[in-house]
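Peer 1: First, the structure itself, so that you have it in front of you.
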Amino acid sequence: MNLSLQLNRVRSKPWLWSFLAALLVWLATLAFTRGEGAGALTSGALAFSAFFVIVGVGQMFVITTGPGNIDLSIPANIALSGAVGMKLMEGQDSLIAVGVAGVLAVGVLIGCANYALIRVLRIPPIIATLSASFLLQSMAIAYGRSVRIAPPELFYQFSTGRLLGIPYLALAVALLTVVAGYVLSRTLYGRWTLAVGQNMRAAELAGVRVERVRWATYVLSAVFASVCGVLLAGFSGGASLSMGDEYLLASIAVVVIGGTSVAGGFSNVPGLWGAALFLYLLVSMLNTFGASAGVRLILTGVIIIAVIAAVSGRKSQRSL
Amino acid sequence: MTMTPAPLVDLKGVGKHFGAVRALNEVDLSCQAGECLGLIGHNGAGKSTLMHILAGTLRADCGVLLMGGEDVRHGYSVQVARQHGIRCVFQELSLCPNLTVAENTRLMCPGLRGFGWRRKAGALIVASLDSIFPGHGINPADVVADLPIGQRQMVEIARAFTCVDEHLALVILDEPTSSLDARVAEQLLGYVRHYVESGGCVVLISHILGEMLATCDRIAVMSDGCVVDVRAARAFTHATLVESMGTVTRSQGEHYEFVSKRGSAQPVVNQRPARQQNGQTVAAWPGEIVGLAGLAGQGQSQLLVQLLRERIASGKRVALVAGDRQTDGVFSLWSIAENITISSLAALKRGALIDPQAEQAMAAEWQARMGIRTPDMNQPILSLSGGNQQKALFARALGSDSDLILMDDPMRGVDVGTKREVYAIIKEEAARGRTFIWYTTELEELDHCDHIYVFRSGQAVADVPRNELSEAQILRSSFQEEVA
Amino acid sequence: MNAPQPMTLKPQPMLSGTQGAAVNRARWLRNALPAFSLIVLLGTIFIMQPRAMSYMGMNLMLNLAVPIALATIAQMLIITVNDLDLSLGSFISFVACVAATLLNDHPLLGSLALLGCIGVYALLGALIHIRQLPAIVVTLGMSFIWVGGAVLLLPAPGGSAPQWLQALVKIKTPLLPFAVVVCVLLAIAVHLFLMRSTWGVVLRGAGGNPLAIAKAGWSLLRIKVTLYAMAGSFGVLSGLFLVGLTTSADANMALRYTLLSIAGVILGGGEFTGGRVSPIGAVLGALTLVLAGSLLSFIRISPDWQIGAQGAILILVLALRTAVNRLEVRPA
């Protein structure tokens, strides 16, 4: 009884922590500036966090399917999708739909390719997505070589626009996370993913179609990365080759700090937002305090290690 | 044996519990230098537990462990056991698959060092292999992972008999011949005799009666965590050995009229085990409870998994109750309700989403049906006792819409009360026309089956309807009469 | 990473002699694959551009091979115990920055800092083992820390490698270019230690069957600390060599090395789990990746595809290896 109460508490706790941390950092920053620029800080945080969250959702599904599952092709995918999207749209509002459809197709193709490598070559997902990312990176370089194409006006408006100070993007991604939460807890696919991540063999014996789940998961992750790529290109006025670089580590960091279990089988959707906001706000807080880029990076690293050490400590208590 | 000084090893009143299960109950056993002691008994009789205690990998709860007359129980460990010259070959291999044969030898013999250690280790293991398994064909430079399982077992055995500057007194061989072919097994047993006659001591565990009778000087029979009989091997015959193992007290209570359900319609299942040499199949008719008997690990679970995979791949419905809860059954991060509904989610959907109310209703229904003892089905599954977790796994399978239920020794470590409740439900469901295929290692559970297949070495070797069932026959079929 | 399952015995008929020979042939093929890929690549380059076969040509092509080979060896040591180091590239960048600043200005302080780095790696090994943490996430965190440190030391690209270091990497050896000599020596030295010595046996055994190693009385903690510290040392060497070649440093200069080193280990026949690694293979794998870029320039394909070619070679070699493994598994 007592034990199970504790268990329940552990299960609901992690995402609270990340929001709490984000809030504290937000307050600390505002205390330093005496409340100045609160609106700009908040809306900036929401806009940038939205990008982290999009890729984070995909990476979260991948990590949830169990140890050893990680998608390393996200940065290359972002670079390629951004380039494809901008090229298809040609800067014209009328071609936005074509561009979005093309980008989604790219995402599905990349996901299928990742899964095919894992399945056919029987190699660990890490090395499969790694080798895919090498190829994608070259494609992005070759394809995006031509002059930088600006996004269509309407698309730019959408990526950067705000409603009452809240970016459209943040609203859309918030909706996406709500959907992802429902998918995880209330659909066959979501339950199967969680089951596979906890115990692949037990899942198979309980009738879960394990390989379909893995395929769908890698496709999902690739599609989210592609969407992030095209939105990022719209947001920053055009695709660039290196725009995906920070998203590899960031996507994993957001998932881990957000309270999703690295061992698989337990995901935390709201935690993604908490972690993304926290990471962004931490950086801006240190900026306001006048800390250098180096200190910001070191603190980020220390926090990731501290979080994983704390979380795994809790897990060993549970098994007792 | 003539008068000998203090025995090499003397176990007195050794007991061991695993939770509520009593694995060993005040066992007394001793062995002398210059003898081969045989240890025999059905699965779960406590042989392996006893040997793990002797090898230092498990700690006894009570009792005395004397070595050469000296009590060593306090602070006993693998290292202390090795210092007393005890080596063991267990069924789980302890070789590193990525290393070569010579390198694996070195892991156990820290005495091998300096320039040319690889050659010395190779020469040592080859010498040992040559004397035990002449004509073995193993090269010390072979990587273990590339060797077939039989040769790995040979390396493991030869390594136990290798020593550089350590003292070697007692070798425990747990089912050493299970993966060796007949010729090699004979070589090993011949070597054991030779080793024993030159003053060594061997404890041999085997399910092959012929090799036990031919090799051992004394045989100890274990049953339900007790040593029930110790005699000189000469004093046993096949028949008396089987007889002394079968002391399980059986409930004579529920005997009911046997009516065969076969012969009418088509069987639901007609599956040939993957390693079956002849045309024998395992068949099940609607409403039948089919038992798979035999010793543990003789291919029964593989048959169930094979059946499950084929039916899922061809789109037929099937459900399985796992016996090894931790690795095959429970989703440990989930609630009891989520654990039960995972196999029935498609039926619980309203539109695209799973309906939480339907899910709760199903959980509540099966809580009542199986009598799962918990205040709240949304509690984590690990808050339940082992028996209740097992009930939840039964609920998962029975709650699905499958008319074929496979059971993989599902009553492991389950208390008697729970067992009774579950037996009743299984019979009830079978009467409604569901088919059960039930692998069990507990002889008394076969009483609930309509038809029994006995497995040995991956094959169904006996096919018995319930009215012809006798414990002696199951034991005879499970234990090989001759050296394979 | 998945912990390897303990093997359990399942009765299985013994293989006959001819099948045993097939297994040996498959193993031989698998071991020869890295060398074979490199020879094919070199052969193609020499046919396309015979002038590359000279001392100068080789020197030019393999200029940057040494730091990558050292990084690959470091990664391989971590993979030996079934872990993965995602911070290696940023660590090497950090070392390069230390060398271009501290080591140049205050040699003693700089040396101490580099020793400290190795100590940090040893501590990481201990932390990961004691708390049973996933190495991927811990090293992910470390990668932020190393880049942060590098940025603190060198906010903008610059600094200057110590003169002795610049001179060291430009040594002209007779007959074969220095880079080739170093790679050969590196491969042989690590091979002798890891594959031939008694310590190496225990270290690799810990990747193959940790339970058996622990039962035989070895400390898994010490094994992990040793391997991490050694990986750190090779990372330091890699960074020093790199900055000697480039003469100045940049906080992001070696970030690519993380993924390249993983690819090199896998190309060289290493596997993520089970302690199956090969130092000679790893060096060959690193050389293959470096030469893939050169080949493209010789066959006049745009350098855009250099990274892609590395990916394609990786996929190709893995596909070949899968084919070889199938050959091995298929019962006759």
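As shown in the structure tokens, the chain order sets the letters A, B, ...; within each chain, residues go from 1, and ligands are also counted from 1 in the order they appear.
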Determine, counting only C-alpha atoms, which protein, DNA and RNA residues have an atom within 12 Å of an atom of Ala265 (chain B); residues of the same chain fewer than 2 positions away are not included. Present the result as a PyMOL selection string.

Peer 2: chain B and resi 261-263+267-269+284-287

Peer 1: Give me, as a list in words, the contact residues of chain B against chain C at a cut-off of 6 Å, counting only C-alpha atoms.

Peer 2: Glu92, Leu93, Ser94, Cys96, Pro97, Asn98 and Ser179 of chain B

Peer 1: List the spatial neighbours of region 66-74 of chain B as a PDB file with N, CA and C atoms, in the first residue's frame - criterion: any atom at most 7 Å away, only C-alpha atoms, same-chain residues fewer than 2 positions off excluded.

Peer 2:
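Saved as out-v7.pdb:
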ATOM      1  N   ALA B   6      37.775 -37.595   8.336  1.00  0.00           N
ATOM      2  CA  ALA B   6      36.644 -36.685   8.154  1.00  0.00           C
ATOM      3  C   ALA B   6      36.321 -36.581   6.670  1.00  0.00           C
ATOM      4  N   PRO B   7      35.011 -36.556   6.333  1.00  0.00           N
ATOM      5  CA  PRO B   7      34.654 -36.443   4.920  1.00  0.00           C
ATOM      6  C   PRO B   7      35.149 -35.129   4.334  1.00  0.00           C
ATOM      7  N   LEU B   8      35.319 -35.128   3.004  1.00  0.00           N
ATOM      8  CA  LEU B   8      35.803 -33.951   2.296  1.00  0.00           C
ATOM      9  C   LEU B   8      34.860 -32.777   2.531  1.00  0.00           C
ATOM     10  N   VAL B   9      33.577 -33.036   2.303  1.00  0.00           N
ATOM     11  CA  VAL B   9      32.553 -32.023   2.516  1.00  0.00           C
ATOM     12  C   VAL B   9      31.439 -32.672   3.311  1.00  0.00           C
ATOM     13  N   ASP B  10      30.953 -31.951   4.329  1.00  0.00           N
ATOM     14  CA  ASP B  10      29.862 -32.495   5.129  1.00  0.00           C
ATOM     15  C   ASP B  10      28.841 -31.379   5.349  1.00  0.00           C
ATOM     16  N   LEU B  11      27.655 -31.566   4.782  1.00  0.00           N
ATOM     17  CA  LEU B  11      26.591 -30.580   4.961  1.00  0.00           C
ATOM     18  C   LEU B  11      25.641 -31.126   6.017  1.00  0.00           C
ATOM     19  N   VAL B  64      25.167 -26.327   8.855  1.00  0.00           N
ATOM     20  CA  VAL B  64      26.622 -26.330   9.022  1.00  0.00           C
ATOM     21  C   VAL B  64      27.266 -26.833   7.738  1.00  0.00           C
ATOM     22  N   TYR B  76      31.577 -17.724   3.841  1.00  0.00           N
ATOM     23  CA  TYR B  76      31.791 -18.618   2.704  1.00  0.00           C
ATOM     24  C   TYR B  76      31.461 -17.885   1.398  1.00  0.00           C
TER      25      TYR B  76
END

Peer 1: Pick out the chain A residues within 7 Å of chain B. Count only C-alpha atoms. Give them as an MDAnalysis selection string.

Peer 2: chainID A and resid 4 186:188 195 198:199 201:202 205:207

Peer 1: Using C-alpha atoms, can you write the selected residues to a file as a compact mmCIF listing (two decimals), in the first residue's frame?

Peer 2:
# COMPACT_ATOMS: atom_id res chain seq x y z
CA SER A 4 2.41 1.63 -4.27
CA ARG A 186 -5.28 6.07 -25.30
CA THR A 187 -4.40 4.38 -28.56
CA LEU A 188 -3.31 0.90 -29.48
CA ALA A 195 4.74 -2.30 -23.63
CA GLN A 198 9.17 -2.20 -20.82
CA ASN A 199 9.70 -5.73 -21.98
CA ARG A 201 9.57 -10.34 -25.10
CA ALA A 202 6.57 -10.02 -22.83
CA LEU A 205 3.95 -12.92 -26.04
CA ALA A 206 1.00 -10.67 -25.16
CA GLY A 207 0.21 -10.34 -28.86

Peer 1: Report as a compact mmCIF listing (two decimals) with N, CA and C atoms, in the first residue's frame the set of chain A residues whose atoms approach chain C to within 6 Å, with distances computed over only C-alpha atoms.

Peer 2:
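Wrote result24.txt, looks like this:
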# COMPACT_ATOMS: atom_id res chain seq x y z
N PRO A 67 15.93 0.31 -24.42
CA PRO A 67 17.34 0.68 -24.40
C PRO A 67 18.00 0.42 -25.76
N GLY A 68 18.90 1.31 -26.16
CA GLY A 68 19.58 1.14 -27.44
C GLY A 68 18.86 1.83 -28.58
N LEU A 121 19.78 -5.05 -42.02
CA LEU A 121 21.19 -5.27 -41.69
C LEU A 121 21.36 -5.79 -40.26
N SER A 131 24.56 6.03 -39.82
CA SER A 131 25.00 5.95 -41.21
C SER A 131 23.99 6.65 -42.12
N PHE A 134 24.77 10.34 -42.17
CA PHE A 134 25.87 10.74 -43.05
C PHE A 134 25.35 10.99 -44.47
N LEU A 135 24.54 10.05 -44.94
CA LEU A 135 24.00 10.19 -46.30
C LEU A 135 23.10 11.42 -46.41
N SER A 138 24.98 14.73 -46.63
CA SER A 138 25.50 15.00 -47.96
C SER A 138 24.40 15.44 -48.91
N ILE A 141 23.65 18.95 -48.24
CA ILE A 141 24.68 19.85 -48.78
C ILE A 141 24.50 20.00 -50.28
N ALA A 142 24.35 18.86 -50.97
CA ALA A 142 24.26 18.89 -52.42
C ALA A 142 22.97 19.59 -52.88
N GLY A 294 30.53 29.65 -22.44
CA GLY A 294 31.15 28.47 -21.86
C GLY A 294 30.47 28.05 -20.58
N LEU A 297 27.11 26.42 -21.24
CA LEU A 297 27.21 25.04 -21.71
C LEU A 297 27.57 24.09 -20.57
N ILE A 298 28.53 24.51 -19.76
CA ILE A 298 28.96 23.64 -18.66
C ILE A 298 27.80 23.37 -17.71
N GLY A 301 25.43 20.83 -19.14
CA GLY A 301 25.97 19.48 -19.01
C GLY A 301 25.83 18.95 -17.60
N ILE A 304 22.28 17.91 -16.90
CA ILE A 304 21.90 16.64 -17.52
C ILE A 304 22.43 15.46 -16.69
N ILE A 305 23.71 15.55 -16.30
CA ILE A 305 24.29 14.44 -15.54
C ILE A 305 23.62 14.32 -14.17

Peer 1: Distance CA of Ser73 (chain A)-CA of Thr129 (chain A), one decimal place?

Peer 2: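 Here the two named atoms are 5.2 Å from each other.
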
Peer 1: Give the helix (DSSP H, G or I) residues of region 145-320 of chain C, as assigned by DSSP on the backbone, as a ChimeraX atom specification.

Peer 2: /C:145-153,163-169,178-196,198-208,210-215,220-246,257-267,279-298,303-320
